[in-house]
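Peer 1: Could you have a look at this structure, given as structure tokens, before my questions?
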Amino acid sequence: NAGVTQTPKFRILKIGQSMTLQCAQDMNHNYMYWYRQDPGMGLKLIYYSVGAGITDKGEVPNGYNVSRSTTEDFPLRLELAAPSQTSVYFCASSYLNSPRNTGELFFGEGSRLTVL
Amino acid sequence: KQEVTQIPAALSVPEGENLVLNCSFTDSAIYNLQWFRQDPGKGLTSLLLIQSSQREQTSGRLNASLDKSSGRSTLYIAASQPGDSATYLCAALGAGKSTFGDGTTLTVKP
């Protein structure tokens with residue numbers, strides 16, 4: 001049981017390049033999330049998904065895209081990378097089985113992205 | 001919009017001291033509240049999850065309380081140790097979304 005797995009752990013991009021951060025979970029969680037964390041700050045929600053085929057914007061979605069074709073995978077796509085996207089990206093998952101039961105968040109180890 | 005505030009932003013204490021970290025949130029309609037620990041350059045480690053129907057949770061030297069009516073949660077660390085030095089984050093969990101505070105950076109001096 002690996003939990004939440006993110007790849008790559010580190011990446012340097014040039015301005016204008018594109019890339020995909022991968023996230024996979026093996027806990028059969030229905031909810032998955034992408035956050036970014038800037039130095040000295042808390043986490044800000046980029047996108048989240050309530051299940052396969054369903055995604056929604058979070059607080060800071062501009063410049064990013066997501067898809068959820070399976071329960072296990074939730075990739076984050078960066079198009080036309082900008083220096084403002086330099087950050088640490090965290091993927092998380094949780095299980096919700098009722099409208100009033102928000103499950104515990106489980107996090108991956110993070111992906112450190114630098115855009116030069 | 002939910003806002004989460006953690007005070008103080010930084011705290012330095014001598015080893016052995018008991019301490020309290022504070023977390024406040026503006027929208028009391030949260031479902032659960034979760035406390036995390038983050039070491040420098042590392043990911044988030046879950047410490048305690050308090051469900052909305054609970055008032056507190058305990059794990060070892062850690063005790064977290066939740067008062068939804070006042071929009072507050074506290075994390076109590078007993079007999080602090082240098083190994084407790086880290087940033088502590090709280091997250092207010094809502095309907096599929098969660099809002100994080102900016103964290104309290106704790107330094108425990110030997």
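Simple scheme: letters A, B, ... for chains in structure tokens order, numbers from 1 for residues in each chain, numbers from 1 for ligands in the order shown.
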Find the residues in chain A near chain B: any atom within 12 Å counts, using only C-alpha atoms. Write them as JSON, numbers by chain.
Peer 2: {"A": [4, 5, 6, 9, 10, 30, 31, 32, 33, 34, 35, 36, 37, 38, 39, 40, 41, 42, 43, 44, 45, 46, 47, 48, 49, 50, 51, 55, 56, 57, 58, 59, 87, 88, 89, 90, 91, 92, 93, 94, 95, 96, 97, 98, 99, 100, 101, 102, 103, 104, 105, 106, 107, 108, 109, 110, 111, 112]}
Peer 1: Only C-alpha atoms, please: the residues just picked out, written as an mmCIF file, in the first residue's frame.
Peer 2:
data_model
loop_
_atom_site.group_PDB
_atom_site.id
_atom_site.type_symbol
_atom_site.label_atom_id
_atom_site.label_comp_id
_atom_site.auth_asym_id
_atom_site.auth_seq_id
_atom_site.Cartn_x
_atom_site.Cartn_y
_atom_site.Cartn_z
ATOM 1 C CA VAL A 4 -0.255 8.800 -2.592
ATOM 2 C CA THR A 5 2.615 8.769 -5.082
ATOM 3 C CA GLN A 6 3.815 11.857 -6.951
ATOM 4 C CA LYS A 9 10.066 14.932 -7.187
ATOM 5 C CA PHE A 10 12.063 17.727 -8.809
ATOM 6 C CA ASN A 30 -12.909 9.149 -4.314
ATOM 7 C CA TYR A 31 -11.608 12.682 -3.721
ATOM 8 C CA MET A 32 -8.267 13.895 -5.033
ATOM 9 C CA TYR A 33 -6.661 17.331 -4.797
ATOM 10 C CA TRP A 34 -3.776 19.407 -6.099
ATOM 11 C CA TYR A 35 -2.238 22.128 -3.910
ATOM 12 C CA ARG A 36 0.678 24.462 -4.305
ATOM 13 C CA GLN A 37 2.801 25.774 -1.465
ATOM 14 C CA ASP A 38 4.910 28.885 -1.846
ATOM 15 C CA PRO A 39 7.784 29.548 0.609
ATOM 16 C CA GLY A 40 6.584 30.353 4.117
ATOM 17 C CA MET A 41 2.948 29.964 3.176
ATOM 18 C CA GLY A 42 0.200 27.467 3.640
ATOM 19 C CA LEU A 43 -1.282 25.340 0.886
ATOM 20 C CA LYS A 44 -3.567 26.752 -1.775
ATOM 21 C CA LEU A 45 -6.005 24.513 -3.636
ATOM 22 C CA ILE A 46 -5.526 24.434 -7.419
ATOM 23 C CA TYR A 47 -8.059 21.803 -8.531
ATOM 24 C CA TYR A 48 -9.914 18.939 -6.986
ATOM 25 C CA SER A 49 -11.913 15.945 -8.180
ATOM 26 C CA VAL A 50 -14.840 14.176 -6.542
ATOM 27 C CA GLY A 51 -14.514 11.091 -8.714
ATOM 28 C CA THR A 55 -13.137 17.973 -11.638
ATOM 29 C CA ASP A 56 -13.583 21.465 -10.236
ATOM 30 C CA LYS A 57 -11.511 24.591 -9.733
ATOM 31 C CA GLY A 58 -9.992 25.546 -6.454
ATOM 32 C CA GLU A 59 -8.588 28.858 -5.289
ATOM 33 C CA SER A 87 6.436 26.269 -6.166
ATOM 34 C CA VAL A 88 6.091 22.949 -4.400
ATOM 35 C CA TYR A 89 3.086 20.973 -5.580
ATOM 36 C CA PHE A 90 1.284 18.493 -3.368
ATOM 37 C CA CYS A 91 -1.282 15.922 -4.359
ATOM 38 C CA ALA A 92 -3.710 14.598 -1.757
ATOM 39 C CA SER A 93 -6.626 12.226 -1.526
ATOM 40 C CA SER A 94 -9.475 11.503 0.862
ATOM 41 C CA TYR A 95 -12.552 9.311 1.147
ATOM 42 C CA LEU A 96 -15.994 10.794 1.597
ATOM 43 C CA ASN A 97 -18.955 8.482 1.987
ATOM 44 C CA SER A 98 -21.621 10.946 3.023
ATOM 45 C CA PRO A 99 -22.343 14.653 2.525
ATOM 46 C CA ARG A 100 -21.232 15.464 6.068
ATOM 47 C CA ASN A 101 -18.174 13.265 6.367
ATOM 48 C CA THR A 102 -15.030 14.879 5.010
ATOM 49 C CA GLY A 103 -12.349 12.267 5.314
ATOM 50 C CA GLU A 104 -8.812 12.607 6.462
ATOM 51 C CA LEU A 105 -6.429 14.077 3.899
ATOM 52 C CA PHE A 106 -3.481 11.950 2.807
ATOM 53 C CA PHE A 107 -0.623 13.685 1.033
ATOM 54 C CA GLY A 108 2.100 12.743 -1.402
ATOM 55 C CA GLU A 109 5.687 13.838 -0.759
ATOM 56 C CA GLY A 110 5.495 16.780 -3.139
ATOM 57 C CA SER A 111 6.992 17.865 -6.441
ATOM 58 C CA ARG A 112 9.381 20.815 -6.424
#
Peer 1: Find the residues around A:Arg68 up to 6 Å (only C-alpha atoms counted), leave out those fewer than 4 positions away in its own chain, and share them as a PyMOL selection string.
Peer 2: chain A and resi 52-53+74
Peer 1: Give me a file of those residues, with C-alpha atoms, as a compact mmCIF listing (two decimals), in the first residue's frame.
Peer 2:
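The file below, part.txt, is the result:
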# COMPACT_ATOMS: atom_id res chain seq x y z
CA ALA A 52 -13.55 9.81 -12.13
CA GLY A 53 -14.64 12.24 -14.84
CA PHE A 74 -5.11 12.69 -11.12
Peer 1: As a PDB file with all heavy atoms, in the first residue's frame, please: the residues near B:Thr26 (cut-off 8 Å, only C-alpha atoms, same-chain neighbours under 4 positions excluded).
Peer 2:
ATOM      1  N   GLN B   2     -13.903  30.637   3.199  1.00  0.00           N
ATOM      2  CA  GLN B   2     -13.251  30.232   4.455  1.00  0.00           C
ATOM      3  C   GLN B   2     -11.862  30.832   4.545  1.00  0.00           C
ATOM      4  O   GLN B   2     -11.103  30.801   3.569  1.00  0.00           O
ATOM      5  CB  GLN B   2     -13.174  28.713   4.493  1.00  0.00           C
ATOM      6  CG  GLN B   2     -12.467  28.115   5.699  1.00  0.00           C
ATOM      7  CD  GLN B   2     -13.285  28.189   6.958  1.00  0.00           C
ATOM      8  OE1 GLN B   2     -13.223  29.180   7.680  1.00  0.00           O
ATOM      9  NE2 GLN B   2     -14.018  27.118   7.255  1.00  0.00           N
ATOM     10  N   GLU B   3     -11.538  31.363   5.687  1.00  0.00           N
ATOM     11  CA  GLU B   3     -10.184  31.845   5.961  1.00  0.00           C
ATOM     12  C   GLU B   3      -9.698  31.208   7.253  1.00  0.00           C
ATOM     13  O   GLU B   3     -10.445  31.134   8.235  1.00  0.00           O
ATOM     14  CB  GLU B   3     -10.152  33.367   6.064  1.00  0.00           C
ATOM     15  CG  GLU B   3     -10.460  34.063   4.739  1.00  0.00           C
ATOM     16  CD  GLU B   3     -10.369  35.574   4.833  1.00  0.00           C
ATOM     17  OE1 GLU B   3     -10.029  36.076   5.918  1.00  0.00           O
ATOM     18  OE2 GLU B   3     -10.644  36.235   3.828  1.00  0.00           O
ATOM     19  N   VAL B   4      -8.454  30.762   7.235  1.00  0.00           N
ATOM     20  CA  VAL B   4      -7.868  30.103   8.393  1.00  0.00           C
ATOM     21  C   VAL B   4      -6.627  30.875   8.817  1.00  0.00           C
ATOM     22  O   VAL B   4      -5.761  31.167   7.986  1.00  0.00           O
ATOM     23  CB  VAL B   4      -7.508  28.640   8.075  1.00  0.00           C
ATOM     24  CG1 VAL B   4      -6.832  27.985   9.274  1.00  0.00           C
ATOM     25  CG2 VAL B   4      -8.759  27.857   7.681  1.00  0.00           C
ATOM     26  N   GLY B  71     -15.173  29.105  16.273  1.00  0.00           N
ATOM     27  CA  GLY B  71     -14.253  29.062  15.139  1.00  0.00           C
ATOM     28  C   GLY B  71     -12.806  28.876  15.550  1.00  0.00           C
ATOM     29  O   GLY B  71     -11.911  29.517  14.985  1.00  0.00           O
TER      30      GLY B  71
END
Peer 1: Compile the contact shell of B:Ser28 as a PyMOL selection string: residues with an atom at most 8 Å away, counting only C-alpha atoms, same-chain residues fewer than 4 positions apart removed.
Peer 2: chain B and resi 68-71
Peer 1: Would you save the residues from that selection as a PDB file, in the first residue's frame, using C-alpha atoms?
Peer 2:
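Contents of the output file part16.pdb:
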ATOM      1  CA  LYS B  68     -16.903  25.159  16.038  1.00  0.00           C
ATOM      2  CA  SER B  69     -19.121  27.815  17.580  1.00  0.00           C
ATOM      3  CA  SER B  70     -16.164  30.093  18.268  1.00  0.00           C
ATOM      4  CA  GLY B  71     -14.253  29.062  15.139  1.00  0.00           C
TER       5      GLY B  71
END
Peer 1: For atom CA of A:Leu78 and atom CA of A:Lys14, determine how far apart the two atoms are, in Å to one decimal place.
Peer 2: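 Taking atom CA of A:Leu78 and atom CA of A:Lys14, their separation equals 11.9 Å.
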Peer 1: Name the closest residue to A:Thr70 among the candidates A:Asn28, A:Thr7, A:Thr20, A:Thr114; distances are taken between atoms, counting only C-alpha atoms.
Peer 2: A:Asn28
Peer 1: Between atom CA of B:Trp35 and atom CA of A:Met27, what is the spacing in Å?
Peer 2: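 Computing it gives 20.7 Å between the two atoms.
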Peer 1: Per DSSP on the backbone, filter chain B down to the residues in strand (DSSP E) and report them as an MDAnalysis selection string.
Peer 2: chainID B and resid 4:7 10:14 19:25 32:38 44:51 56:59 62:67 72:77 86:93 98:100 104:109
Peer 1: Tell me which of A:Val66, A:Gly16, A:His29, A:Leu113 sits closest to A:Leu80, counting only C-alpha atoms.
Peer 2: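 Among the listed residues, A:Gly16 lies closest to A:Leu80.
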Peer 1: What's the 9 Å shell around B:Ser85, counting only C-alpha atoms, without same-chain residues fewer than 4 positions away, as a ChimeraX atom specification?
Peer 2: /B:39,80-81,105-109
Peer 1: Store the residues of this selection in a file with N, CA, C and O atoms, as a tab-separated table (two decimals), in the first residue's frame.
Peer 2:
chain	number	residue	atom	x	y	z
B	39	ASP	N	8.16	19.16	8.18
B	39	ASP	CA	9.57	19.43	8.39
B	39	ASP	C	10.11	20.16	7.16
B	39	ASP	O	9.57	20.01	6.06
B	80	SER	N	7.55	19.54	25.54
B	80	SER	CA	8.13	19.66	24.20
B	80	SER	C	9.58	19.17	24.15
B	80	SER	O	10.33	19.26	25.15
B	81	GLN	N	9.95	18.66	22.97
B	81	GLN	CA	11.29	18.12	22.74
B	81	GLN	C	11.88	18.76	21.49
B	81	GLN	O	11.14	19.20	20.60
B	105	THR	N	5.63	28.03	12.96
B	105	THR	CA	6.94	27.38	12.97
B	105	THR	C	7.45	27.32	14.39
B	105	THR	O	7.67	28.35	15.03
B	106	LEU	N	7.61	26.12	14.89
B	106	LEU	CA	8.01	25.88	16.27
B	106	LEU	C	9.47	25.49	16.34
B	106	LEU	O	9.92	24.61	15.60
B	107	THR	N	10.19	26.13	17.24
B	107	THR	CA	11.58	25.75	17.53
B	107	THR	C	11.67	25.42	19.01
B	107	THR	O	11.32	26.24	19.85
B	108	VAL	N	12.11	24.22	19.32
B	108	VAL	CA	12.29	23.79	20.70
B	108	VAL	C	13.79	23.70	20.96
B	108	VAL	O	14.50	22.89	20.35
B	109	LYS	N	14.27	24.53	21.86
B	109	LYS	CA	15.71	24.61	22.14
B	109	LYS	C	16.11	23.64	23.23
B	109	LYS	O	15.44	23.55	24.26
Peer 1: In Å, with one decimal, what is the gap from atom CA of A:Ile15 to atom CA of A:Gln85?
Peer 2: 9.8 Å
